[in-house]
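Visitor: Structure provided below as structure tokens; questions to follow.
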Amino acid sequence: MKNRERVLVCIAVSVFIIWASASLPAGDMRQDDQVKIDNFSFTPQVLTIKAGTSVTWTNKDDAPHTVVSGSKKFASSVLDTDGRFSFTFKDPGTYDYYCSVHPHMTGKIVVQ
């Protein structure tokens, strides 16, 4: 195969991959939903998911944080920088949570 043909094949494959990934519904592209902890806040602050979805919180801050359910359904240990905590939401409802180290930090998971 000549260099020009290789380049064309690479371009065609790249276009197909981009098209295929853009054609899938967003829910099919990820296994977990993510919440980032950074700048003393949870992002997104409100996350809507389907029942059975796992959510992973990742601490990108320099300070330690926790993820604690207001209804005591889940609680992480203290998460240092790049620390992670995951929880699978099986039942529909609204789950408020906060950081027990910095209680002004709050978030919400809405499970449909």
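Naming works like this for the structure tokens: A, B, ... for the chains as they're shown, residue 1 at the start of each chain, ligands 1 onward in shown order.
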Segment 30-54 of chain A near segment 71-91 of chain A within 9 Å: what's each residue's closest atom pair and its distance in Å to one decimal, counting only C-alpha atoms, ordered by chain then ascending residue number, as CSV?
Guide:
residue,atom,partner,partner_atom,distance
A:Asp32,CA,A:Ser86,CA,8.8
A:Ile49,CA,A:Phe89,CA,8.6
A:Lys50,CA,A:Phe89,CA,8.2
A:Ala51,CA,A:Lys90,CA,5.0
A:Gly52,CA,A:Lys90,CA,4.5
A:Thr53,CA,A:Thr88,CA,5.6
A:Ser54,CA,A:Thr88,CA,4.0
Visitor: Just want the 10 Å neighbourhood of Tyr97 of chain A, counted on only C-alpha atoms, with same-chain residues fewer than 3 positions away dropped. Output as a PDB file with N, CA, C and O atoms, in the first residue's frame.
Guide:
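Saved as part_9.pdb:
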ATOM      1  N   PHE A  42     -18.771  20.879  44.033  1.00  0.00           N
ATOM      2  CA  PHE A  42     -19.091  19.678  43.274  1.00  0.00           C
ATOM      3  C   PHE A  42     -19.590  20.105  41.894  1.00  0.00           C
ATOM      4  O   PHE A  42     -20.470  20.958  41.792  1.00  0.00           O
ATOM      5  N   GLN A  45     -23.324  20.369  40.118  1.00  0.00           N
ATOM      6  CA  GLN A  45     -23.915  20.428  41.456  1.00  0.00           C
ATOM      7  C   GLN A  45     -25.160  19.557  41.528  1.00  0.00           C
ATOM      8  O   GLN A  45     -25.456  18.977  42.561  1.00  0.00           O
ATOM      9  N   THR A  66     -14.949  14.998  51.542  1.00  0.00           N
ATOM     10  CA  THR A  66     -15.748  13.786  51.669  1.00  0.00           C
ATOM     11  C   THR A  66     -17.016  13.956  50.850  1.00  0.00           C
ATOM     12  O   THR A  66     -17.353  15.060  50.416  1.00  0.00           O
ATOM     13  N   VAL A  67     -17.728  12.838  50.666  1.00  0.00           N
ATOM     14  CA  VAL A  67     -19.037  12.832  50.012  1.00  0.00           C
ATOM     15  C   VAL A  67     -19.963  12.089  50.962  1.00  0.00           C
ATOM     16  O   VAL A  67     -19.809  10.887  51.176  1.00  0.00           O
ATOM     17  N   VAL A  68     -20.918  12.817  51.567  1.00  0.00           N
ATOM     18  CA  VAL A  68     -21.781  12.238  52.583  1.00  0.00           C
ATOM     19  C   VAL A  68     -23.238  12.536  52.253  1.00  0.00           C
ATOM     20  O   VAL A  68     -23.612  13.698  52.059  1.00  0.00           O
ATOM     21  N   SER A  69     -24.045  11.502  52.203  1.00  0.00           N
ATOM     22  CA  SER A  69     -25.475  11.649  51.948  1.00  0.00           C
ATOM     23  C   SER A  69     -26.153  12.274  53.161  1.00  0.00           C
ATOM     24  O   SER A  69     -25.897  11.873  54.303  1.00  0.00           O
ATOM     25  N   GLY A  70     -27.035  13.230  52.901  1.00  0.00           N
ATOM     26  CA  GLY A  70     -27.800  13.835  53.984  1.00  0.00           C
ATOM     27  C   GLY A  70     -28.693  12.837  54.689  1.00  0.00           C
ATOM     28  O   GLY A  70     -28.985  12.966  55.883  1.00  0.00           O
ATOM     29  N   SER A  71     -29.102  11.771  53.975  1.00  0.00           N
ATOM     30  CA  SER A  71     -29.967  10.744  54.554  1.00  0.00           C
ATOM     31  C   SER A  71     -29.169   9.530  55.037  1.00  0.00           C
ATOM     32  O   SER A  71     -29.747   8.503  55.365  1.00  0.00           O
ATOM     33  N   LYS A  72     -27.844   9.653  55.064  1.00  0.00           N
ATOM     34  CA  LYS A  72     -26.940   8.596  55.548  1.00  0.00           C
ATOM     35  C   LYS A  72     -26.971   7.330  54.694  1.00  0.00           C
ATOM     36  O   LYS A  72     -26.656   6.249  55.150  1.00  0.00           O
ATOM     37  N   LYS A  73     -27.330   7.438  53.401  1.00  0.00           N
ATOM     38  CA  LYS A  73     -27.346   6.274  52.509  1.00  0.00           C
ATOM     39  C   LYS A  73     -25.950   5.926  51.996  1.00  0.00           C
ATOM     40  O   LYS A  73     -25.694   4.793  51.625  1.00  0.00           O
ATOM     41  N   PHE A  74     -25.044   6.896  51.957  1.00  0.00           N
ATOM     42  CA  PHE A  74     -23.675   6.642  51.528  1.00  0.00           C
ATOM     43  C   PHE A  74     -22.752   7.668  52.152  1.00  0.00           C
ATOM     44  O   PHE A  74     -23.171   8.762  52.527  1.00  0.00           O
ATOM     45  N   ALA A  75     -21.492   7.275  52.314  1.00  0.00           N
ATOM     46  CA  ALA A  75     -20.481   8.180  52.848  1.00  0.00           C
ATOM     47  C   ALA A  75     -19.107   7.686  52.413  1.00  0.00           C
ATOM     48  O   ALA A  75     -18.812   6.493  52.504  1.00  0.00           O
ATOM     49  N   THR A  94     -34.344  11.658  45.163  1.00  0.00           N
ATOM     50  CA  THR A  94     -33.400  12.764  45.185  1.00  0.00           C
ATOM     51  C   THR A  94     -32.482  12.576  46.379  1.00  0.00           C
ATOM     52  O   THR A  94     -32.945  12.377  47.505  1.00  0.00           O
ATOM     53  N   SER A 100     -18.373  16.680  54.534  1.00  0.00           N
ATOM     54  CA  SER A 100     -18.404  16.841  55.995  1.00  0.00           C
ATOM     55  C   SER A 100     -17.237  17.694  56.499  1.00  0.00           C
ATOM     56  O   SER A 100     -17.305  18.247  57.587  1.00  0.00           O
ATOM     57  N   PRO A 103     -18.915  21.810  55.094  1.00  0.00           N
ATOM     58  CA  PRO A 103     -20.370  21.612  54.941  1.00  0.00           C
ATOM     59  C   PRO A 103     -21.063  22.576  53.977  1.00  0.00           C
ATOM     60  O   PRO A 103     -22.176  22.300  53.547  1.00  0.00           O
ATOM     61  N   MET A 105     -20.214  22.941  51.023  1.00  0.00           N
ATOM     62  CA  MET A 105     -20.148  22.265  49.729  1.00  0.00           C
ATOM     63  C   MET A 105     -21.298  21.263  49.665  1.00  0.00           C
ATOM     64  O   MET A 105     -21.346  20.307  50.450  1.00  0.00           O
ATOM     65  N   THR A 106     -22.220  21.481  48.735  1.00  0.00           N
ATOM     66  CA  THR A 106     -23.379  20.604  48.625  1.00  0.00           C
ATOM     67  C   THR A 106     -23.601  20.198  47.175  1.00  0.00           C
ATOM     68  O   THR A 106     -23.145  20.876  46.246  1.00  0.00           O
ATOM     69  N   GLY A 107     -24.315  19.099  47.011  1.00  0.00           N
ATOM     70  CA  GLY A 107     -24.676  18.633  45.685  1.00  0.00           C
ATOM     71  C   GLY A 107     -25.931  17.778  45.763  1.00  0.00           C
ATOM     72  O   GLY A 107     -26.438  17.508  46.857  1.00  0.00           O
ATOM     73  N   LYS A 108     -26.416  17.354  44.606  1.00  0.00           N
ATOM     74  CA  LYS A 108     -27.664  16.596  44.556  1.00  0.00           C
ATOM     75  C   LYS A 108     -27.597  15.609  43.396  1.00  0.00           C
ATOM     76  O   LYS A 108     -27.175  15.960  42.294  1.00  0.00           O
ATOM     77  N   ILE A 109     -28.038  14.374  43.658  1.00  0.00           N
ATOM     78  CA  ILE A 109     -28.196  13.367  42.623  1.00  0.00           C
ATOM     79  C   ILE A 109     -29.693  13.096  42.506  1.00  0.00           C
ATOM     80  O   ILE A 109     -30.355  12.803  43.496  1.00  0.00           O
TER      81      ILE A 109
END
Visitor: Take atom CA of Val110 of chain A and atom CA of Lys60 of chain A and report the distance between them in Å, one decimal.
Guide: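 Taking atom CA of Val110 of chain A as the start and atom CA of Lys60 of chain A as the end point, the length is 22.8 Å.
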Visitor: Tell me, in Å to one decimal, how far atom CA of Asp38 of chain A is from atom CA of Val55 of chain A.
Guide: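 A separation of 16.3 Å between them.
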Visitor: One decimal, in Å: what's the spacing between atom CA of Val111 of chain A and atom CA of Asp62 of chain A?
Guide: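 Atom-to-atom, atom CA of Val111 of chain A and atom CA of Asp62 of chain A are spaced 29.7 Å apart.
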Visitor: Using only C-alpha atoms, which of the listed residues (A:Val46, A:Val35, A:Lys2, A:Ser41) sits closest to Asp96 of chain A?
Guide: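 Residue with the minimum atom-to-atom distance to Asp96 of chain A: A:Val46.
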